[in-house]
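Structure file start_30.txt; described as compact mmCIF, C-alpha atoms.
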```
# COMPACT_ATOMS: atom_id res chain seq x y z
CA MET Z 204 82.04 85.98 128.31
CA SER Z 205 81.64 82.38 129.44
CA ILE Z 206 84.29 79.68 128.95
CA SER Z 207 83.46 76.02 129.26
CA THR Z 208 86.27 73.49 129.23
CA ARG Z 209 83.94 70.46 129.35
CA MET Z 210 86.28 68.94 131.94
CA ALA Z 211 83.48 66.89 133.45
CA CYS Z 212 82.29 65.51 130.11
CA PRO Z 213 83.03 61.83 129.45
CA GLY Z 214 85.46 61.12 126.63
CA VAL Z 215 87.13 64.53 126.79
CA VAL Z 216 90.84 64.42 127.55
CA THR Z 217 91.87 67.19 129.94
CA GLU Z 218 95.55 67.74 130.59
CA THR Z 219 98.14 70.39 131.31
CA ALA Z 220 101.20 70.90 129.14
CA PRO Z 221 103.59 72.12 131.86
CA ALA Z 222 105.88 75.11 131.34
CA ASP Z 223 108.85 74.07 129.17
CA GLY Z 224 107.20 70.64 128.91
CA LEU Z 225 105.12 68.35 126.75
CA ALA Z 226 101.73 66.65 126.80
CA SER Z 227 101.01 63.98 124.18
CA HIS Z 228 98.31 61.58 123.06
CA THR Z 229 98.34 58.91 120.32
CA LEU Z 230 95.28 57.95 118.28
CA GLY Z 231 95.33 54.49 116.75
CA ASP Z 232 97.95 51.76 116.83
CA ASP Z 233 101.33 52.79 118.19
CA PRO Z 234 103.69 52.24 116.49
CA ILE Z 235 102.59 51.70 112.89
CA PRO Z 236 103.95 48.37 111.63
CA ALA Z 237 107.10 48.97 109.57
CA ASP Z 238 105.99 46.72 106.70
CA THR Z 239 103.02 48.96 105.80
CA GLY Z 240 105.06 51.80 104.28
CA LYS Z 241 102.86 54.19 106.25
CA HIS Z 242 103.98 56.80 108.75
CA SER Z 243 102.17 58.77 111.40
CA HIS Z 244 101.00 62.37 111.19
CA THR Z 245 101.65 64.68 114.14
CA LEU Z 246 99.66 67.68 115.26
CA MET Z 247 101.95 69.93 117.29
CA LEU Z 248 100.40 72.85 119.19
CA ARG Z 249 103.07 75.18 120.63
CA ASN Z 250 102.85 78.06 123.06
CA PRO Z 251 106.14 79.98 122.81
CA SER Z 252 104.64 82.94 124.71
CA ASP Z 253 104.87 83.88 128.40
CA GLU Z 254 101.10 83.44 128.78
CA THR Z 255 99.07 80.37 129.77
CA TRP Z 256 96.21 79.52 127.39
CA THR Z 257 93.33 77.04 127.46
CA THR Z 258 93.02 75.23 124.15
CA ARG Z 259 90.71 72.69 122.62
CA ILE Z 260 91.72 70.20 119.95
CA LEU Z 261 89.19 68.17 117.98
CA VAL Z 262 90.14 65.45 115.51
CA GLU Z 263 87.35 64.23 113.24
CA ASN Z 264 87.30 61.38 110.72
CA GLU Z 265 84.23 61.19 108.46
CA SER Z 266 82.47 63.77 110.68
CA ILE Z 267 82.90 61.56 113.74
CA VAL Z 268 84.95 62.99 116.61
CA GLN Z 269 87.94 60.70 117.17
CA PHE Z 270 89.57 62.90 119.81
CA ASP Z 271 88.42 65.81 121.97
CA GLY Z 272 91.05 67.36 124.19
CA VAL Z 273 91.14 70.43 126.40
CA TYR Z 274 94.64 71.49 127.35
CA THR Z 275 96.01 74.13 129.67
CA VAL Z 276 99.08 75.15 127.69
CA GLU Z 277 101.60 76.85 129.95
CA PRO Z 278 104.44 79.09 128.67
CA GLU Z 279 106.98 77.45 126.36
CA SER Z 280 105.05 74.16 126.25
CA THR Z 281 103.86 71.82 123.50
CA VAL Z 282 100.91 69.49 122.93
CA LEU Z 283 101.41 66.57 120.51
CA ILE Z 284 98.57 64.54 119.01
CA ILE Z 285 99.89 61.62 116.95
CA LEU Z 286 97.60 60.12 114.28
CA SER Z 287 98.88 56.63 113.56
CA GLU Z 288 96.10 55.38 111.30
CA SER Z 289 95.89 56.59 107.70
CA GLY Z 290 92.73 58.44 106.82
CA THR Z 291 91.15 61.80 106.13
CA TYR Z 292 91.05 63.93 109.25
CA SER Z 293 89.79 67.39 110.05
CA LEU Z 294 91.92 69.00 112.75
CA TRP Z 295 90.27 71.81 114.72
CA MET Z 296 92.27 73.86 117.21
CA SER Z 297 91.05 76.78 119.31
CA VAL Z 298 92.14 79.11 122.09
CA LEU Z 299 89.17 79.40 124.44
CA GLU Z 300 90.05 82.76 125.97
CA THR Z 301 90.26 84.56 122.60
CA GLU Z 302 87.95 82.33 120.52
CA ALA Z 303 90.74 81.99 117.93
CA ILE Z 304 90.17 78.96 115.66
CA GLU Z 305 92.28 77.24 113.03
CA THR Z 306 91.42 74.15 110.98
CA GLU Z 307 93.56 71.89 108.82
CA GLN Z 308 92.80 68.85 106.68
CA VAL Z 309 94.96 65.72 106.62
CA THR Z 310 94.49 63.14 103.85
CA PRO Z 311 95.76 59.56 103.37
CA GLY Z 312 98.59 60.99 101.24
CA ASN Z 313 100.08 62.58 104.35
CA PHE Z 314 100.62 59.11 105.83
CA ASP Z 315 102.71 58.07 102.80
CA CYS Z 316 105.31 60.71 103.67
CA ASN Z 317 108.49 60.37 105.72
CA GLU Z 318 107.40 63.26 107.88
CA SER Z 319 104.00 64.85 108.10
CA LEU Z 320 103.27 67.58 110.60
CA THR Z 321 100.54 70.07 111.34
CA ARG Z 322 102.11 72.87 113.35
CA ALA Z 323 99.91 75.29 115.27
CA GLU Z 324 101.24 78.14 117.36
CA ILE Z 325 99.66 80.53 119.86
CA ASN Z 326 101.15 84.01 120.09
CA ALA Z 327 101.31 86.33 123.12
CA VAL Z 328 97.82 87.77 122.49
CA GLY Z 329 96.15 84.38 121.94
CA GLU Z 330 96.06 84.39 118.15
CA LEU Z 331 96.49 81.02 116.49
CA THR Z 332 98.23 80.10 113.24
CA ALA Z 333 98.51 76.64 111.66
CA ASN Z 334 99.92 74.92 108.59
CA THR Z 335 100.54 71.36 107.42
CA VAL Z 336 103.80 70.24 105.84
CA SER Z 337 104.67 66.78 104.51
CA THR Z 338 108.06 65.71 103.17
CA LEU Z 339 109.29 62.80 101.05
CA MET Z 340 110.69 62.70 97.53
CA ALA Z 341 108.02 60.21 96.46
CA CYS Z 342 105.32 61.61 98.70
CA ASN Z 343 101.76 61.19 97.50
CA THR Z 344 100.71 64.83 96.99
CA GLU Z 345 96.97 64.27 97.33
CA THR Z 346 96.72 66.94 100.01
CA ASN Z 347 94.53 69.98 100.21
CA SER Z 348 95.56 73.46 99.13
CA THR Z 349 96.77 74.51 102.59
CA ASN Z 350 99.32 71.69 102.66
CA GLU Z 351 102.82 72.07 101.34
CA SER Z 352 104.95 69.27 99.88
CA SER Z 353 108.70 69.67 99.75
CA GLN Z 354 111.71 67.51 99.11
```

Go through the file and emit its structure as structure tokens.
Amino acid sequence: MSISTRMACPGVVTETAPADGLASHTLGDDPIPADTGKHSHTLMLRNPSDETWTTRILVENESIVQFDGVYTVEPESTVLIILSESGTYSLWMSVLETEAIETEQVTPGNFDCNESLTRAEINAVGELTANTVSTLMACNTETNSTNESSQ
């Protein structure tokens, strides 16, 4: 098996999320102006295991890659990608060593919520799970079927 991390490729963010630590990146304006009524959406990739994994995160908007990141995710660490501009995004996360892949869709309705989070987690054998949750009593529920809205 061959693993390429594209570390030498221009435009690819490469970073390590240190053990018990955090690596983060913000796409768009930070912070969102308060008078817009919009909020950010966060992609959180966690590694609660004792293993170190190499992951890749792609964020696309209208089939154009907005972010391409390769992260070494050490034990008990987290990667945060903050989307601060409303839009429709495809989030693609993978674990390179196991070829595990998860995808989630974020829509403009997610940015109308008080909190909107896509949570991905890598287990001890390199499997990946992900789901998107948005919360607000008056939240616009125009989200795809894998998203959950709660109050």

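For the pair CA of His242 (chain Z) and CA of Asn313 (chain Z), the interatomic distance is 8.2 Å.
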
Among listed residues Z:Glu277, Z:Asp253, Z:Asp271, Z:Glu265, nearest Ala220 (chain Z) (using all atoms listed in the file):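 When distances to Ala220 (chain Z) are compared using all atoms listed in the file, the smallest one comes from Z:Glu277.
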
For Ile284 (chain Z), the nearest of the candidates Z:Ala222, Z:Val262, Z:Ile325, Z:Val309, counting only C-alpha atoms: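 Among Z:Ala222, Z:Val262, Z:Ile325, Z:Val309, it is Z:Val262 that comes nearest to Ile284 (chain Z).
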
Minimum-distance residue to Gly312 (chain Z), chosen among Z:Val276, Z:Val336, Z:Val215, Z:Ala226 (using only C-alpha atoms): Z:Val336

Gap from CA of Asp223 (chain Z) to CA of Thr281 (chain Z) - Å, one decimal: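 Computing the Euclidean distance for CA of Asp223 (chain Z) and CA of Thr281 (chain Z) yields 7.9 Å.
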
Straight-line distance linking CA of Glu318 (chain Z) with CA of Leu230 (chain Z), stated in Å to one decimal: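 Interatomic distance here is 16.8 Å.
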
Long-range neighbours of Glu330 (chain Z) as a VMD selection string, 12 Å cut-off, all atoms listed in the file, 3 positions minimum in chain: chain Z and resid 249 to 252 254 256 258 296 to 305 323 to 327 333

Find the nearest atom pair between each residue of region 264-317 of chain Z and region 244-248 of chain Z for residues within 10 Å, count only C-alpha atoms, give distances in Å to one decimal, sort rows by chain and ascending number, and present the table as JSON lines.
```
{"residue": "Z:Val276", "atom": "CA", "partner": "Z:Leu248", "partner_atom": "CA", "distance": 8.9}
{"residue": "Z:Ser280", "atom": "CA", "partner": "Z:Leu248", "partner_atom": "CA", "distance": 8.6}
{"residue": "Z:Thr281", "atom": "CA", "partner": "Z:Leu248", "partner_atom": "CA", "distance": 5.6}
{"residue": "Z:Val282", "atom": "CA", "partner": "Z:Leu248", "partner_atom": "CA", "distance": 5.1}
{"residue": "Z:Leu283", "atom": "CA", "partner": "Z:Met247", "partner_atom": "CA", "distance": 4.7}
{"residue": "Z:Ile284", "atom": "CA", "partner": "Z:Leu246", "partner_atom": "CA", "distance": 5.0}
{"residue": "Z:Ile285", "atom": "CA", "partner": "Z:Thr245", "partner_atom": "CA", "distance": 4.5}
{"residue": "Z:Leu286", "atom": "CA", "partner": "Z:His244", "partner_atom": "CA", "distance": 5.1}
{"residue": "Z:Ser287", "atom": "CA", "partner": "Z:His244", "partner_atom": "CA", "distance": 6.6}
{"residue": "Z:Glu288", "atom": "CA", "partner": "Z:His244", "partner_atom": "CA", "distance": 8.5}
{"residue": "Z:Ser289", "atom": "CA", "partner": "Z:His244", "partner_atom": "CA", "distance": 8.5}
{"residue": "Z:Leu294", "atom": "CA", "partner": "Z:Leu246", "partner_atom": "CA", "distance": 8.2}
{"residue": "Z:Met296", "atom": "CA", "partner": "Z:Leu248", "partner_atom": "CA", "distance": 8.4}
{"residue": "Z:Glu307", "atom": "CA", "partner": "Z:Leu246", "partner_atom": "CA", "distance": 9.8}
{"residue": "Z:Val309", "atom": "CA", "partner": "Z:His244", "partner_atom": "CA", "distance": 8.3}
{"residue": "Z:Thr310", "atom": "CA", "partner": "Z:His244", "partner_atom": "CA", "distance": 9.8}
{"residue": "Z:Pro311", "atom": "CA", "partner": "Z:His244", "partner_atom": "CA", "distance": 9.8}
{"residue": "Z:Asn313", "atom": "CA", "partner": "Z:His244", "partner_atom": "CA", "distance": 6.9}
{"residue": "Z:Phe314", "atom": "CA", "partner": "Z:His244", "partner_atom": "CA", "distance": 6.3}
{"residue": "Z:Asp315", "atom": "CA", "partner": "Z:His244", "partner_atom": "CA", "distance": 9.6}
{"residue": "Z:Cys316", "atom": "CA", "partner": "Z:His244", "partner_atom": "CA", "distance": 8.8}
{"residue": "Z:Asn317", "atom": "CA", "partner": "Z:His244", "partner_atom": "CA", "distance": 9.5}
```

Selected residue, from Z:Thr291, Z:Phe270, Z:Asp232, Z:Thr255, that lies nearest to Gly329 (chain Z) when counting all atoms listed in the file: Z:Thr255

Selected residue, from Z:Thr306, Z:Ser243, Z:Gln269, Z:Thr275, that lies nearest to Leu225 (chain Z) when counting all atoms listed in the file: Z:Thr275

Best match for closeness to Val216 (chain Z) among Z:Ser319, Z:Thr229, Z:Thr332, Z:Ser293, counting all atoms listed in the file: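 When distances to Val216 (chain Z) are compared using all atoms listed in the file, the smallest one comes from Z:Thr229.
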
Using all atoms of region 244-248 of chain Z that appear in the file, construct an axis-aligned enclosing box with 6 Å of padding on every side and provide its centre coordinates and edge lengths in Å, rounded to one decimal, as JSON.
```
{"center_x": 100.8, "center_y": 67.6, "center_z": 115.2, "size_x": 14.3, "size_y": 22.5, "size_z": 20.0}
```
